[in-house]
Amino acid sequence: MAEAISLKFPDGSERSFDAAISGAEIAAGISKSLAKKAIAYALDGEVRDLADPVGHSGSLEILTRDDPRALELIRHDAAHVMAEAVQELWPGTQVTIGPVIENGFYYDFAKNEPFTPEDLPVIEKKMAEIIRRNAPFKKDVWSREKAKQVFRDKGENYKVELVDAIPEGQDLKIYSQGEWFDLCRGPHMVSTGHIGENFKLMKVAGAYWRGDSNNAMLSRIYGTAWATKEQLANYLHMLEEAEKRDHRRLGREMDLFHFQEEGPGVVFWHGKGWKMFQTLVAYMRRRLDGVYDEVNAPQILDKSLWETSGHWGWYQENMFAVKSAHAFTHPDDEEADHRVFAIKPMNCPGHVQIFKHGLKSYRELPIRLAEFGNVHRYEPSGALHGLLRVRGFTQDDAHVFCTEEQMAAECLRINDLILSVYEDFGFEEVVVKLSTRPEKRVGSDESWDRAEAIMTKVLEEIAAKSGGKIKTGILPGEGAFYGPKFEYTLRDAIGREWQCGTTQVDFNLPERFGAFYIDQNSEKRQPVMIHRAICGSMERFLGILIENFAGHMPLWFAPEQVVVATITSEADDYAMEVVAALKEAGLRASVDLRNEKINYKVREHSLAKVPVMLVCGKREAEERTVNVRRLGSKDQTSLSLDEALAALSGEAVPPDLKRKAELRAGASHQSAA
């Protein structure tokens, strides 16, 4: 007699079943309509094939196509259908791997001639035909010998290699849809018909087998698939918007920066771009003033320090190492310094050295050290992506050395600062997630327990303080190897998510370097070290800002705020007077006196995304007025020069300084009252 199991359903009800019962049978027992809509089931959160036996007691949910978890299944099934379509259209093409990725899927193929963009509509048409066949997905478990023989007979040599890579003892699952089949871990939906028509193949690319440049080059096809037509349309629209907002294109149009082969992954800042960069740094400095001590640690340090910190063991492949040129040219010179130095990939070990310099008392804690530190990390050339993925960048890095009792308050203080900075740049949708202990980690379980308990309470307080405005969550196993962390993800103007800020608790580095303070009992105590970043990489944050605003930067942040343009040379002297007054008022302004038509000047400065143009002609010069044109608007406003100066000066005040002025005004008003 089969063992009985107890299953709990989402509505809170519990029922007993035979352990061999399948998800499909349970769905049918609940209702005929649910059985028709069911595509899979989840047991204790694990998604399974609907035909699988349940096997043990737990919480069970029947999934339909409307469930958010179905999206991964739709994309997984679409990848299999794409592979079948390719092999029907081009017999002899070998199928390799085809995983689900963010927003879609891909499959790698071994084909004599690579795919072209013109092939994609042909494949899509064949996919639609296969989906309409509505062939059921069926799972079989094969022996290793059978799988290798079948794939070898089909000429699928890559599949044979994949079979060999599967550890002994693991089932070899084969999923078929009609006559076509593939090696796959699953799960899948009930049949191909559940995929629907809301898919699109996006692009073709080359990819090395197993990501190794020593292996054969394969042909990769990327696709996307969604549950509804509306979701697909929204995604494609977002991609169109993202292309328009690409910071690399806008960087060229706005003359901000460039990259070149001689400096892979490092930025060549132009005047306007560097002004924007320095405006960001100045803003961040003001936000830290009076709270953090700004310090500066060396750019290169002896390898031994990085060995002590653990980076040489944990992070060596991502670091750049150097020797003196003299050591290379005179290898036998005993007087030469032959040591290996590492260019710093992060600032934390240097900050520990600064903390350690001189005896520290518990009365001095917390000690907060900040640095706009230039760091270098090796990124594969294929991963480099404008400002968003570079090898040399500036971290708005800080480290707080505190007692364990001070940890919660410091994390909350950091949280308030991070959220305030994001709000100043217009980001109001923020998600804060707690990343907990990974499998590979340092430190005792007891210290992790304490840290995670404290940060869980902080996370609850963050959610409570925001009144539900800030969303929170948990990322199990995603913490740093040295401690749990908060990750701050913001949503931009077109709905994309960017992970930027972090708050990381560290028991590891202070212990490795022997950092301590003297407690109230005159005993040595190890401090807690909190790593904090708000922008993260300043370069990346600028790239995000450029794309978020589509180059239409807020006036206070724009590298060039105002251009004064003349209609006629008769207004040249007045235009020079206007630009001088703007600069006197603290605005970043320039003048365009060229003998060009005003429409040409407007187009050119609009392309460069200058927020405001003040147009001056003979009449404006006589009346001492200016014609105000805003970027992206066809409206024009005539103002007196004094009115324009007052309005633009007020608008150009950074939000943090505006808040300070308002607080001072409020305090002055209360004092007078």
# chains A, B, ... in the order shown; residues from 1 in each chain; ligands from 1
$ select_by_dssp --residues "segment 186-248 of chain A" --states "strand (DSSP E)" --output "MDAnalysis selection string"
chainID A and resid 199:208 217:225
$ residues_around --residues "segment 605-610 of chain A" --least-positions-apart "4" --cutoff "12 Å" --atoms "only C-alpha atoms" --output "VMD selection string"
chain A and resid 249 to 256 272 to 273 546 549 to 565 588 to 592 598 to 601 614 to 615 629 to 634
$ residues_around --residues "Ala533 of chain A" --least-positions-apart "3" --cutoff "10 Å" --atoms "only C-alpha atoms" --output "MDAnalysis selection string"
chainID A and resid 370 395:399 414 418 487:488 500:504 536:538
$ atom_distance --atom1 "atom CA of Tyr208 of chain A" --atom2 "atom CA of Phe105 of chain A"
16.9 Å
$ closest_residue --among "A:Phe481, A:Lys356, A:Gly392, A:Ala383" --to "Ile518 of chain A" --atoms "only C-alpha atoms"
A:Lys356
$ select_by_dssp --residues "segment 474-664 of chain A" --states "helix (DSSP H, G or I)" --output "PyMOL selection string"
chain A and resi 508-513+538-548+569-584+598-607+618-623+641-651+655-664
$ atom_distance --atom1 "atom CA of Trp448 of chain A" --atom2 "atom CA of Cys535 of chain A"
26.5 Å
$ closest_residue --among "A:Leu545, A:His311, A:Ala227, A:Phe181" --to "Pro68 of chain A" --atoms "only C-alpha atoms"
A:Ala227
$ closest_atom_pairs --of "segment 623-664 of chain A" --to "segment 566-586 of chain A" --cutoff "10 Å" --atoms "only C-alpha atoms" --output "JSON lines"
{"residue": "A:Arg624", "atom": "CA", "partner": "A:Tyr574", "partner_atom": "CA", "distance": 8.1}
{"residue": "A:Thr625", "atom": "CA", "partner": "A:Val578", "partner_atom": "CA", "distance": 9.5}
{"residue": "A:Val626", "atom": "CA", "partner": "A:Val578", "partner_atom": "CA", "distance": 8.7}
{"residue": "A:Leu641", "atom": "CA", "partner": "A:Val578", "partner_atom": "CA", "distance": 7.5}
{"residue": "A:Asp642", "atom": "CA", "partner": "A:Ala581", "partner_atom": "CA", "distance": 9.4}
{"residue": "A:Ala644", "atom": "CA", "partner": "A:Leu582", "partner_atom": "CA", "distance": 9.3}
{"residue": "A:Leu645", "atom": "CA", "partner": "A:Leu582", "partner_atom": "CA", "distance": 6.6}
{"residue": "A:Ala646", "atom": "CA", "partner": "A:Ala585", "partner_atom": "CA", "distance": 8.7}
{"residue": "A:Leu648", "atom": "CA", "partner": "A:Leu582", "partner_atom": "CA", "distance": 8.7}
{"residue": "A:Ser649", "atom": "CA", "partner": "A:Ala585", "partner_atom": "CA", "distance": 6.5}
{"residue": "A:Gly650", "atom": "CA", "partner": "A:Ala585", "partner_atom": "CA", "distance": 9.9}
{"residue": "A:Ala652", "atom": "CA", "partner": "A:Gly586", "partner_atom": "CA", "distance": 8.7}
{"residue": "A:Val653", "atom": "CA", "partner": "A:Gly586", "partner_atom": "CA", "distance": 9.4}
$ write_last_selection --atoms "N, CA and C atoms" --output "tab-separated table (two decimals), in the first residue's frame"
chain	number	residue	atom	x	y	z
A	624	ARG	N	16.29	94.96	-23.13
A	624	ARG	CA	17.01	94.24	-22.06
A	624	ARG	C	16.17	93.06	-21.56
A	625	THR	N	15.72	92.27	-22.53
A	625	THR	CA	14.96	91.04	-22.25
A	625	THR	C	15.70	89.86	-22.87
A	626	VAL	N	15.20	88.68	-22.61
A	626	VAL	CA	15.72	87.47	-23.26
A	626	VAL	C	14.53	86.58	-23.62
A	641	LEU	N	15.86	90.55	-18.28
A	641	LEU	CA	17.11	89.90	-17.93
A	641	LEU	C	17.16	89.60	-16.42
A	642	ASP	N	16.71	90.55	-15.60
A	642	ASP	CA	16.74	90.34	-14.16
A	642	ASP	C	15.83	89.18	-13.75
A	644	ALA	N	14.94	86.60	-15.62
A	644	ALA	CA	15.54	85.34	-16.08
A	644	ALA	C	16.68	84.92	-15.16
A	645	LEU	N	17.51	85.89	-14.75
A	645	LEU	CA	18.63	85.57	-13.86
A	645	LEU	C	18.12	85.03	-12.52
A	646	ALA	N	17.09	85.67	-11.98
A	646	ALA	CA	16.56	85.23	-10.69
A	646	ALA	C	15.95	83.84	-10.80
A	648	LEU	N	16.52	81.41	-13.12
A	648	LEU	CA	17.49	80.37	-13.42
A	648	LEU	C	18.43	80.14	-12.25
A	649	SER	N	18.81	81.18	-11.54
A	649	SER	CA	19.69	81.02	-10.37
A	649	SER	C	19.01	80.18	-9.31
A	650	GLY	N	17.72	80.43	-9.09
A	650	GLY	CA	16.99	79.64	-8.10
A	650	GLY	C	16.84	78.19	-8.51
A	652	ALA	N	18.82	76.50	-10.41
A	652	ALA	CA	20.11	75.82	-10.50
A	652	ALA	C	20.71	75.46	-9.14
A	653	VAL	N	20.03	75.81	-8.06
A	653	VAL	CA	20.55	75.45	-6.73
A	653	VAL	C	20.36	73.95	-6.52
$ closest_residue --among "A:Leu475, A:Ala51, A:Leu587, A:Ile534" --to "Ala35 of chain A" --atoms "only C-alpha atoms"
A:Ala51
$ residues_around --residues "Ala78 of chain A" --least-positions-apart "2" --cutoff "12 Å" --atoms "only C-alpha atoms" --output "number ranges by chain"
A: 71-76, 80-85, 98-100, 104-107, 123-124, 126-128, 130-131, 177, 188-189, 191-201, 222-227
$ write_last_selection --atoms "N, CA and C atoms" --output "compact mmCIF listing (two decimals), in the first residue's frame"
# COMPACT_ATOMS: atom_id res chain seq x y z
N LEU A 71 6.27 32.48 -16.18
CA LEU A 71 7.03 33.18 -17.21
C LEU A 71 8.32 32.44 -17.55
N GLU A 72 8.99 31.91 -16.54
CA GLU A 72 10.22 31.16 -16.79
C GLU A 72 9.92 29.89 -17.59
N LEU A 73 8.80 29.25 -17.30
CA LEU A 73 8.42 28.04 -18.05
C LEU A 73 8.08 28.39 -19.50
N ILE A 74 7.39 29.49 -19.71
CA ILE A 74 7.06 29.93 -21.08
C ILE A 74 8.34 30.12 -21.88
N ARG A 75 9.31 30.77 -21.27
CA ARG A 75 10.58 31.05 -21.97
C ARG A 75 11.38 29.77 -22.18
N HIS A 76 11.37 28.89 -21.21
CA HIS A 76 12.07 27.62 -21.34
C HIS A 76 11.48 26.79 -22.49
N HIS A 80 13.03 25.55 -26.38
CA HIS A 80 12.98 24.21 -26.98
C HIS A 80 12.30 24.25 -28.35
N VAL A 81 11.22 25.03 -28.45
CA VAL A 81 10.52 25.13 -29.74
C VAL A 81 11.40 25.81 -30.77
N MET A 82 12.18 26.83 -30.35
CA MET A 82 13.10 27.48 -31.27
C MET A 82 14.13 26.48 -31.79
N ALA A 83 14.66 25.64 -30.89
CA ALA A 83 15.65 24.65 -31.31
C ALA A 83 15.05 23.66 -32.30
N GLU A 84 13.81 23.23 -32.05
CA GLU A 84 13.15 22.32 -32.99
C GLU A 84 12.95 22.99 -34.34
N ALA A 85 12.55 24.26 -34.31
CA ALA A 85 12.34 25.00 -35.56
C ALA A 85 13.63 25.10 -36.37
N GLY A 98 20.50 25.83 -24.09
CA GLY A 98 19.52 26.89 -24.29
C GLY A 98 18.84 27.30 -23.01
N PRO A 99 19.48 28.13 -22.19
CA PRO A 99 18.89 28.49 -20.89
C PRO A 99 17.93 29.68 -20.97
N VAL A 100 17.15 29.81 -19.91
CA VAL A 100 16.36 31.01 -19.70
C VAL A 100 17.27 32.07 -19.10
N GLY A 104 14.20 36.71 -21.21
CA GLY A 104 14.09 35.87 -22.40
C GLY A 104 14.86 34.57 -22.31
N PHE A 105 15.49 34.20 -23.42
CA PHE A 105 16.19 32.92 -23.51
C PHE A 105 17.16 33.00 -24.69
N TYR A 106 18.04 32.01 -24.78
CA TYR A 106 18.85 31.85 -25.98
C TYR A 106 19.15 30.38 -26.19
N TYR A 107 19.59 30.06 -27.38
CA TYR A 107 20.10 28.72 -27.68
C TYR A 107 21.36 28.87 -28.52
N ILE A 123 12.49 31.66 -38.72
CA ILE A 123 12.44 30.78 -37.54
C ILE A 123 11.19 31.05 -36.73
N GLU A 124 10.83 32.33 -36.58
CA GLU A 124 9.62 32.69 -35.84
C GLU A 124 8.38 32.05 -36.46
N LYS A 126 8.22 29.32 -38.25
CA LYS A 126 8.25 27.88 -37.98
C LYS A 126 7.90 27.61 -36.50
N MET A 127 8.36 28.46 -35.59
CA MET A 127 8.01 28.30 -34.18
C MET A 127 6.50 28.38 -33.97
N ALA A 128 5.87 29.36 -34.62
CA ALA A 128 4.42 29.51 -34.48
C ALA A 128 3.70 28.26 -34.97
N ILE A 130 4.93 25.17 -34.92
CA ILE A 130 5.15 24.11 -33.92
C ILE A 130 4.25 24.33 -32.71
N ILE A 131 4.13 25.59 -32.28
CA ILE A 131 3.27 25.89 -31.13
C ILE A 131 1.83 25.50 -31.42
N GLN A 177 8.85 16.76 -27.41
CA GLN A 177 7.64 17.47 -27.83
C GLN A 177 7.34 16.92 -29.23
N HIS A 188 8.88 21.62 -17.54
CA HIS A 188 8.22 22.22 -18.69
C HIS A 188 6.72 22.29 -18.44
N MET A 189 6.04 23.05 -19.28
CA MET A 189 4.59 23.10 -19.19
C MET A 189 4.00 21.83 -19.80
N SER A 191 2.19 21.40 -22.66
CA SER A 191 2.34 21.24 -24.11
C SER A 191 2.83 22.53 -24.73
N THR A 192 3.26 22.45 -25.98
CA THR A 192 3.81 23.63 -26.66
C THR A 192 2.76 24.72 -26.85
N GLY A 193 1.48 24.34 -26.92
CA GLY A 193 0.43 25.33 -27.15
C GLY A 193 0.33 26.37 -26.05
N HIS A 194 0.80 26.03 -24.84
CA HIS A 194 0.72 26.97 -23.73
C HIS A 194 1.73 28.11 -23.85
N ILE A 195 2.68 28.00 -24.75
CA ILE A 195 3.67 29.08 -24.94
C ILE A 195 2.97 30.35 -25.40
N GLY A 196 2.01 30.19 -26.33
CA GLY A 196 1.31 31.35 -26.86
C GLY A 196 2.09 32.00 -28.00
N GLU A 197 1.62 33.15 -28.43
CA GLU A 197 2.21 33.83 -29.58
C GLU A 197 3.02 35.07 -29.20
N ASN A 198 3.22 35.29 -27.92
CA ASN A 198 3.85 36.52 -27.47
C ASN A 198 5.36 36.35 -27.31
N PHE A 199 6.00 36.04 -28.42
CA PHE A 199 7.45 35.85 -28.41
C PHE A 199 8.05 36.57 -29.61
N LYS A 200 9.35 36.83 -29.50
CA LYS A 200 10.06 37.46 -30.61
C LYS A 200 11.53 37.10 -30.52
N LEU A 201 12.14 36.77 -31.65
CA LEU A 201 13.59 36.53 -31.69
C LEU A 201 14.27 37.87 -31.89
N TYR A 222 19.13 34.88 -29.64
CA TYR A 222 18.44 35.39 -28.45
C TYR A 222 16.96 35.62 -28.77
N GLY A 223 16.11 35.30 -27.80
CA GLY A 223 14.69 35.56 -27.96
C GLY A 223 14.08 36.06 -26.68
N THR A 224 12.87 36.56 -26.77
CA THR A 224 12.11 36.95 -25.59
C THR A 224 10.72 36.37 -25.71
N ALA A 225 10.09 36.10 -24.59
CA ALA A 225 8.73 35.55 -24.57
C ALA A 225 8.02 36.05 -23.32
N TRP A 226 6.72 36.31 -23.47
CA TRP A 226 5.94 36.88 -22.38
C TRP A 226 4.58 36.20 -22.31
N ALA A 227 3.91 36.39 -21.19
CA ALA A 227 2.62 35.74 -20.99
C ALA A 227 1.52 36.40 -21.80
$ residues_around --residues "Ala24 of chain A" --least-positions-apart "6" --cutoff "9 Å" --atoms "only C-alpha atoms" --output "list in words"
Ala35, Ala38, Ile39, Ala40, Tyr41, Asp49, Leu50, Ala51, Asp52, Pro53 and Ile62 of chain A
$ write_last_selection --atoms "N, CA and C atoms" --output "PDB file, in the first residue's frame"
ATOM      1  N   ALA A  35      -8.017  22.064 -14.005  1.00  0.00           N
ATOM      2  CA  ALA A  35      -7.259  21.037 -14.725  1.00  0.00           C
ATOM      3  C   ALA A  35      -6.928  21.508 -16.140  1.00  0.00           C
ATOM      4  N   ALA A  38      -4.172  24.356 -15.712  1.00  0.00           N
ATOM      5  CA  ALA A  38      -2.936  24.015 -14.990  1.00  0.00           C
ATOM      6  C   ALA A  38      -1.793  23.733 -15.949  1.00  0.00           C
ATOM      7  N   ILE A  39      -0.614  24.264 -15.626  1.00  0.00           N
ATOM      8  CA  ILE A  39       0.570  24.029 -16.470  1.00  0.00           C
ATOM      9  C   ILE A  39       1.701  23.364 -15.685  1.00  0.00           C
ATOM     10  N   ALA A  40       1.667  23.474 -14.355  1.00  0.00           N
ATOM     11  CA  ALA A  40       2.724  22.896 -13.505  1.00  0.00           C
ATOM     12  C   ALA A  40       2.223  22.983 -12.069  1.00  0.00           C
ATOM     13  N   TYR A  41       3.037  22.477 -11.132  1.00  0.00           N
ATOM     14  CA  TYR A  41       2.696  22.672  -9.724  1.00  0.00           C
ATOM     15  C   TYR A  41       3.973  22.969  -8.952  1.00  0.00           C
ATOM     16  N   ASP A  49       7.029  19.475 -13.058  1.00  0.00           N
ATOM     17  CA  ASP A  49       6.123  19.083 -14.145  1.00  0.00           C
ATOM     18  C   ASP A  49       4.779  18.667 -13.553  1.00  0.00           C
ATOM     19  N   LEU A  50       3.718  19.033 -14.233  1.00  0.00           N
ATOM     20  CA  LEU A  50       2.388  18.700 -13.738  1.00  0.00           C
ATOM     21  C   LEU A  50       2.187  17.189 -13.636  1.00  0.00           C
ATOM     22  N   ALA A  51       2.858  16.429 -14.513  1.00  0.00           N
ATOM     23  CA  ALA A  51       2.697  14.971 -14.525  1.00  0.00           C
ATOM     24  C   ALA A  51       3.529  14.271 -13.456  1.00  0.00           C
ATOM     25  N   ASP A  52       4.420  15.014 -12.774  1.00  0.00           N
ATOM     26  CA  ASP A  52       5.272  14.385 -11.758  1.00  0.00           C
ATOM     27  C   ASP A  52       4.457  13.936 -10.546  1.00  0.00           C
ATOM     28  N   PRO A  53       4.797  12.757  -9.963  1.00  0.00           N
ATOM     29  CA  PRO A  53       4.173  12.375  -8.688  1.00  0.00           C
ATOM     30  C   PRO A  53       4.634  13.315  -7.586  1.00  0.00           C
ATOM     31  N   ILE A  62      -1.084  24.748  -7.416  1.00  0.00           N
ATOM     32  CA  ILE A  62      -1.257  24.458  -8.843  1.00  0.00           C
ATOM     33  C   ILE A  62      -1.011  25.757  -9.605  1.00  0.00           C
TER      34      ILE A  62
END
$ residues_around --residues "segment 150-165 of chain A" --least-positions-apart "2" --cutoff "6 Å" --atoms "only C-alpha atoms" --output "MDAnalysis selection string"
chainID A and resid 94 96 147:148
$ residues_around --residues "Arg220 of chain A" --least-positions-apart "6" --cutoff "8 Å" --atoms "only C-alpha atoms" --output "PyMOL selection string"
chain A and resi 106-109+204-207
$ closest_residue --among "A:Pro114, A:Val431, A:Ala665, A:Leu490" --to "Lys469 of chain A" --atoms "only C-alpha atoms"
A:Val431
$ atom_distance --atom1 "atom CA of Gly443 of chain A" --atom2 "atom CA of Val528 of chain A"
12.5 Å
$ closest_residue --among "A:Arg133, A:Lys275, A:Lys524, A:Arg512" --to "Val352 of chain A" --atoms "only C-alpha atoms"
A:Arg512
$ closest_atom_pairs --of "segment 308-416 of chain A" --to "segment 291-297 of chain A" --cutoff "9 Å" --atoms "only C-alpha atoms" --output "JSON lines"
{"residue": "A:Asn347", "atom": "CA", "partner": "A:Ala297", "partner_atom": "CA", "distance": 7.0}
{"residue": "A:Pro349", "atom": "CA", "partner": "A:Ala297", "partner_atom": "CA", "distance": 8.8}
{"residue": "A:Gly350", "atom": "CA", "partner": "A:Ala297", "partner_atom": "CA", "distance": 5.3}
{"residue": "A:His351", "atom": "CA", "partner": "A:Ala297", "partner_atom": "CA", "distance": 6.8}
{"residue": "A:Gln353", "atom": "CA", "partner": "A:Ala297", "partner_atom": "CA", "distance": 8.8}
{"residue": "A:Ile354", "atom": "CA", "partner": "A:Ala297", "partner_atom": "CA", "distance": 8.1}
{"residue": "A:Ile367", "atom": "CA", "partner": "A:Tyr292", "partner_atom": "CA", "distance": 7.8}
{"residue": "A:Arg368", "atom": "CA", "partner": "A:Tyr292", "partner_atom": "CA", "distance": 4.9}
{"residue": "A:Leu369", "atom": "CA", "partner": "A:Asp293", "partner_atom": "CA", "distance": 5.0}
{"residue": "A:Ala370", "atom": "CA", "partner": "A:Glu294", "partner_atom": "CA", "distance": 4.6}
{"residue": "A:Glu371", "atom": "CA", "partner": "A:Val295", "partner_atom": "CA", "distance": 5.4}
{"residue": "A:Phe372", "atom": "CA", "partner": "A:Asn296", "partner_atom": "CA", "distance": 7.8}
{"residue": "A:Gly373", "atom": "CA", "partner": "A:Asn296", "partner_atom": "CA", "distance": 7.0}
{"residue": "A:Ala398", "atom": "CA", "partner": "A:Tyr292", "partner_atom": "CA", "distance": 8.1}
{"residue": "A:Val400", "atom": "CA", "partner": "A:Tyr292", "partner_atom": "CA", "distance": 8.8}
$ write_last_selection --atoms "C-alpha atoms" --output "tab-separated table (two decimals), in the first residue's frame"
chain	number	residue	atom	x	y	z
A	347	ASN	CA	39.52	50.88	-0.69
A	349	PRO	CA	42.19	47.46	3.34
A	350	GLY	CA	43.62	50.97	3.13
A	351	HIS	CA	40.92	52.31	5.42
A	353	GLN	CA	45.30	50.81	7.99
A	354	ILE	CA	44.12	54.38	8.62
A	367	ILE	CA	34.65	56.39	13.21
A	368	ARG	CA	33.43	57.04	9.65
A	369	LEU	CA	35.98	57.20	6.82
A	370	ALA	CA	35.00	58.11	3.26
A	371	GLU	CA	36.99	58.17	0.03
A	372	PHE	CA	36.31	58.89	-3.61
A	373	GLY	CA	38.84	56.21	-4.42
A	398	ALA	CA	33.02	54.64	3.07
A	400	VAL	CA	32.26	52.80	9.52
$ closest_residue --among "A:Phe17, A:Tyr378, A:Tyr235, A:Phe513" --to "Glu317 of chain A" --atoms "only C-alpha atoms"
A:Tyr378
